[in-house]
Structure formats: C-alpha cells, structure tokens
file model-v3.txt (compact mmCIF, C-alpha atoms)
# COMPACT_ATOMS: atom_id res chain seq x y z
CA MET A 86 -61.97 -91.28 21.66
CA GLU A 87 -60.17 -88.21 23.00
CA SER A 88 -62.05 -85.12 24.18
CA PHE A 89 -60.82 -81.77 22.96
CA TYR A 90 -61.16 -78.28 24.35
CA VAL A 91 -61.28 -75.40 21.85
CA ILE A 92 -58.56 -72.96 22.86
CA CYS A 93 -58.53 -70.57 19.92
CA THR A 94 -60.82 -69.81 17.03
CA ASN A 95 -60.87 -67.33 14.21
CA CYS A 96 -62.01 -67.50 10.60
CA PHE A 97 -58.90 -69.44 9.49
CA LEU A 98 -57.80 -71.38 12.52
CA ILE A 99 -59.15 -73.58 15.29
CA VAL A 100 -56.77 -74.84 17.97
CA LEU A 101 -57.88 -77.83 20.02
CA CYS A 102 -56.26 -79.21 23.16
CA THR A 103 -56.99 -82.52 24.83
CA THR A 104 -58.62 -81.99 28.21
CA ASP A 105 -55.68 -83.71 29.91
CA PHE A 106 -53.18 -81.31 28.25
CA SER A 107 -51.41 -84.17 26.47
CA SER A 108 -51.63 -82.83 22.93
CA PHE A 109 -53.16 -80.21 20.72
CA HIS A 110 -54.09 -79.89 17.08
CA ILE A 111 -54.46 -77.02 14.67
CA CYS A 112 -57.28 -77.12 12.16
CA LEU A 113 -56.87 -74.91 9.15
CA SER A 114 -60.01 -74.12 7.20
CA SER A 115 -60.44 -72.67 3.76
CA ASP A 116 -63.43 -72.15 1.47
CA THR A 117 -63.10 -75.60 -0.08
CA LYS A 118 -61.47 -77.88 2.49
CA GLN A 119 -60.69 -78.37 6.12
CA ARG A 120 -57.78 -80.33 7.49
CA SER A 121 -56.32 -81.07 10.88
CA ILE A 122 -52.60 -81.26 11.48
CA LEU A 123 -50.33 -81.53 14.47
CA MET A 124 -48.81 -78.24 15.56
CA ARG A 125 -45.23 -77.76 14.44
CA LYS A 126 -43.61 -74.44 15.23
CA ALA A 127 -41.78 -74.31 11.89
CA ASP A 128 -45.04 -74.61 9.95
CA PHE A 129 -46.82 -71.59 11.45
CA ASP A 130 -46.14 -68.20 12.95
CA ILE A 131 -47.84 -69.29 16.16
CA ILE A 132 -46.41 -69.09 19.65
CA MET A 133 -48.02 -71.31 22.28
CA VAL A 134 -47.80 -70.08 25.87
CA ALA A 135 -49.02 -71.96 28.94
CA ARG A 136 -49.84 -70.22 32.24
CA SER A 137 -51.37 -71.61 35.39
CA PHE A 138 -53.44 -70.48 38.33
CA ILE A 139 -51.63 -72.23 41.16
CA ILE A 140 -53.69 -73.13 44.21
CA PHE A 141 -52.35 -73.75 47.72
CA LYS A 142 -54.76 -73.88 50.66
CA LYS A 143 -57.50 -72.06 48.71
CA ARG A 144 -55.14 -69.25 47.69
CA LEU A 145 -53.82 -68.22 44.25
CA LEU A 146 -50.20 -67.43 43.53
CA ALA A 147 -49.45 -64.07 41.90
CA ILE A 148 -45.95 -63.08 40.81
CA ARG A 149 -44.81 -59.57 39.87
CA ARG A 150 -42.59 -58.87 36.87
CA THR A 151 -39.56 -56.72 37.54
CA ALA A 152 -39.63 -52.99 36.81
CA ILE A 153 -37.06 -53.51 34.03
CA ALA A 154 -38.94 -56.35 32.32
CA ARG A 155 -39.34 -55.87 28.56
CA ASN A 156 -42.99 -56.97 28.65
CA ASN A 157 -45.49 -55.93 31.32
CA PRO A 158 -42.99 -54.30 33.74
CA SER A 159 -44.14 -54.23 37.40
CA LEU A 160 -47.41 -56.02 36.59
CA TRP A 161 -48.67 -59.12 38.38
CA GLU A 162 -49.34 -62.39 36.56
CA VAL A 163 -49.54 -66.12 37.06
CA PRO A 164 -46.50 -68.27 36.24
CA GLY A 165 -45.99 -69.61 32.76
CA GLY A 166 -44.17 -69.24 29.50
CA GLN A 167 -43.55 -70.37 25.97
CA ARG A 168 -43.85 -73.94 24.76
CA LYS A 169 -40.60 -75.45 23.50
CA ASP A 170 -40.35 -77.75 20.48
CA GLU A 171 -42.95 -80.55 20.64
CA GLN A 172 -43.57 -80.14 24.38
CA SER A 173 -47.12 -80.71 25.66
CA ILE A 174 -49.02 -77.94 27.40
CA ARG A 175 -48.88 -79.94 30.66
CA SER A 176 -45.09 -80.27 30.39
CA THR A 177 -44.77 -76.59 29.51
CA LEU A 178 -46.75 -75.63 32.62
CA LYS A 179 -44.64 -77.83 34.88
CA ARG A 180 -41.35 -76.58 33.42
CA GLU A 181 -42.25 -72.89 33.41
CA VAL A 182 -43.71 -72.89 36.92
CA LYS A 183 -40.57 -74.66 38.21
CA GLU A 184 -38.30 -72.15 36.42
CA GLU A 185 -40.20 -69.06 37.61
CA THR A 186 -41.16 -70.11 41.17
CA GLY A 187 -39.24 -73.23 42.16
CA LEU A 188 -42.58 -75.00 42.76
CA SER A 189 -43.49 -78.47 41.52
CA VAL A 190 -47.11 -78.42 40.41
CA GLN A 191 -49.74 -80.90 39.35
CA PRO A 192 -51.76 -79.38 36.47
CA ILE A 193 -55.38 -80.51 36.79
CA GLU A 194 -57.18 -78.84 33.91
CA LEU A 195 -57.21 -76.26 31.15
CA THR A 196 -59.66 -73.45 31.90
CA THR A 197 -59.45 -70.80 29.20
CA SER A 198 -57.31 -69.35 26.44
CA HIS A 199 -56.79 -66.10 24.63
CA GLN A 200 -55.13 -65.10 21.39
CA TYR A 201 -53.02 -62.02 20.82
CA LYS A 202 -50.69 -60.54 18.27
CA THR A 203 -47.18 -60.42 19.68
CA MET A 204 -45.24 -57.21 20.07
CA LEU A 205 -43.98 -55.63 16.89
CA GLY A 206 -40.30 -56.13 16.30
CA GLY A 207 -38.05 -58.91 17.47
CA LYS A 208 -37.92 -62.49 16.26
CA TYR A 209 -41.68 -63.07 16.78
CA ASP A 210 -42.84 -59.95 14.92
CA GLY A 211 -46.52 -60.31 14.03
CA ALA A 212 -46.89 -63.94 15.09
CA LEU A 213 -50.12 -65.15 16.66
CA GLN A 214 -49.66 -65.84 20.36
CA ILE A 215 -52.06 -68.32 21.94
CA VAL A 216 -52.03 -68.29 25.73
CA CYS A 217 -53.58 -71.30 27.46
CA PHE A 218 -54.46 -70.97 31.14
CA GLY A 219 -54.75 -73.96 33.42
CA ILE A 220 -55.26 -74.67 37.08
CA SER A 221 -52.57 -76.48 39.04
CA LEU A 222 -52.27 -77.67 42.61
CA VAL A 223 -49.18 -77.47 44.76
CA GLU A 224 -48.36 -79.08 48.11
CA GLU A 225 -45.94 -76.47 49.41
CA SER A 226 -45.93 -72.68 49.31
CA THR A 227 -42.26 -71.67 49.44
CA VAL A 228 -41.65 -69.61 46.29
CA ILE A 229 -38.15 -69.05 44.89
CA LEU A 230 -38.49 -66.41 42.18
CA SER A 231 -36.50 -66.29 38.95
CA HIS A 232 -34.70 -63.14 37.81
CA GLU A 233 -37.85 -62.19 35.80
CA HIS A 234 -39.93 -61.51 38.94
CA ASP A 235 -39.36 -59.57 42.16
CA ASP A 236 -42.34 -60.38 44.40
CA SER A 237 -44.94 -63.09 45.02
CA ARG A 238 -48.18 -63.34 46.98
CA TRP A 239 -50.63 -66.07 47.91
CA CYS A 240 -54.08 -64.44 47.90
CA ARG A 241 -57.79 -65.06 47.84
CA TYR A 242 -59.49 -64.37 44.50
CA ASP A 243 -60.80 -60.90 45.46
CA ASP A 244 -57.35 -59.78 46.64
CA PHE A 245 -55.79 -61.27 43.51
CA MET A 246 -58.16 -59.25 41.32
CA ARG A 247 -57.18 -56.02 43.16
CA LEU A 248 -53.55 -56.43 42.04
CA ASN A 249 -52.24 -54.54 39.00
CA LEU A 250 -52.57 -57.62 36.75
CA THR A 251 -51.50 -58.09 33.14
CA LYS A 252 -54.41 -57.92 30.69
CA GLN A 253 -54.08 -61.65 29.88
CA THR A 254 -54.11 -62.66 33.54
CA ARG A 255 -57.13 -60.48 34.39
CA GLN A 256 -59.13 -61.83 31.42
CA ALA A 257 -58.28 -65.43 32.29
CA ALA A 258 -59.09 -64.94 35.99
CA LEU A 259 -62.52 -63.56 35.08
CA ALA A 260 -63.14 -66.40 32.60
CA SER A 261 -62.02 -69.00 35.20
CA ARG A 262 -63.93 -67.52 38.14
CA LEU A 263 -66.60 -70.21 38.43
CA ARG A 264 -64.08 -73.06 38.29
CA LEU A 265 -61.85 -71.35 40.86
CA GLN A 266 -64.93 -70.84 43.04
CA SER A 267 -65.73 -74.56 42.85
CA LEU A 268 -62.20 -75.23 44.17
CA GLY A 269 -62.81 -72.92 47.16
CA VAL A 270 -60.57 -70.06 46.08
CA LEU A 271 -63.36 -67.41 46.14

call {"tool": "encode", "arguments": {"input": "model-v3.txt", "output": "structure tokens"}}
result
Amino acid sequence: MESFYVICTNCFLIVLCTTDFSSFHICLSSDTKQRSILMRKADFDIIMVARSFIIFKKRLLAIRRTAIARNNPSLWEVPGGQRKDEQSIRSTLKREVKEETGLSVQPIELTTSHQYKTMLGGKYDGALQIVCFGISLVEESTVILSHEHDDSRWCRYDDFMRLNLTKQTRQAALASRLRLQSLGVL
C-alpha cells in the first residue's frame, strides 16, 4: 500500500502525493459524496508547481530572479517550475532544476506545500496554484543560470533566510527547517 503526503487541503479539495513523488491524487469532496481521481490539467483550474531546496556540502542553493521578471522581480527563490502534462513531481523537479541551474539533482523527499491564487489576468487567471517543495541532493556545485535568473548563492540556512526571498520560498524554508537541520544545513 502506498503512503501519501497531504500537500493541499481546503473545504472542497485534498491533494495527496506519494512520499516518493511518483504520483498524486486529487480528492474532491461534497456534502453527499467523496471521490478520488487522478489529476488531469484539463479537468481542473489547478496549476502544480514543484520547487526544491538543493543541498551541496550542507549549503542551500538560492537563485535570484532578474529585475525584469514578470513575477517576483529581483527576489531570491529555490529552483522549480510548473508541472507539464502528466509529469510526476519528481520529474518536474529534475527538469526544472536542470533548466534553471544546469544541475542534475536527486530529489529525496517532499517537505511542504502551499496553495495560492495565481495572478489576475493571463491564461491562468484565478486558477489555484499548488506549490510543492522538496529537498534534493546534488554532487556538484557549478550553476549555469537560465535567462530567468541573474545570480546564485550557496549558503547556510541563516544566510539563506537573510536574503530577500519570495513569500513562497520563505514560508517553505520555515516549514522545512527541522528537516533541513537534520541534514546538517543549519
């Protein structure tokens, strides 16, 4: 039997992810029935995003968005991005980290998640955005940034928290503090 991690809850929706990132399910509840279905982007106005705290030699990677970025300009974050099609969260993490930093990572676990309403306007107007944060390990530290970012830093947790972080990243770092501490990052 698979173990699931609750990554989002509200009065209508529960999102569950397997602890190994391999799949996730959405449970819709109503007054009279509850059912579980596999997530399909076309069925819901839900955007799944995967981000990862990347650890190298007890340091976390932070990347800074460019000053001209549409979302969170000049703020620091951890690598990640939107899930494509039927991609797993683990595959999304690997792909997005590679695209944004050039690093090949090994995701080890899901630590926390947050839900947000997306920006008004654009093709995702009003959709629910669920951001899953994981922890990944990397064996090398040479970062090659994408056009979306202009700086990177490997830092201890306290130094990481002093950066001008996005709201999502700060919340996830606080929620993941004990697990990061157990991995020697604090």

call {"tool": "residues_around", "arguments": {"input": "model-v3.txt", "residues": "segment 252-256 of chain A", "least_positions_apart": "2", "cutoff": "12 Å", "atoms": "only C-alpha atoms", "output": "VMD selection string"}}
result
chain A and resid 134 to 138 146 to 149 156 to 157 160 to 165 196 to 201 214 to 219 242 to 243 245 to 250 258 to 262

call {"tool": "closest_residue", "arguments": {"input": "model-v3.txt", "among": "A:Arg175, A:Lys208, A:Arg180, A:Arg155", "to": "His234 of chain A", "atoms": "only C-alpha atoms"}}
result
A:Arg155

call {"tool": "residues_around", "arguments": {"input": "model-v3.txt", "residues": "Leu268 of chain A", "least_positions_apart": "3", "cutoff": "9 Å", "atoms": "all atoms listed in the file", "output": "JSON, numbers by chain"}}
result
{"A": [140, 143, 263, 264, 265, 271]}

call {"tool": "closest_residue", "arguments": {"input": "model-v3.txt", "among": "A:Ser237, A:Gln266, A:Thr227, A:Ser221", "to": "Ile139 of chain A", "atoms": "only C-alpha atoms"}}
result
A:Ser221
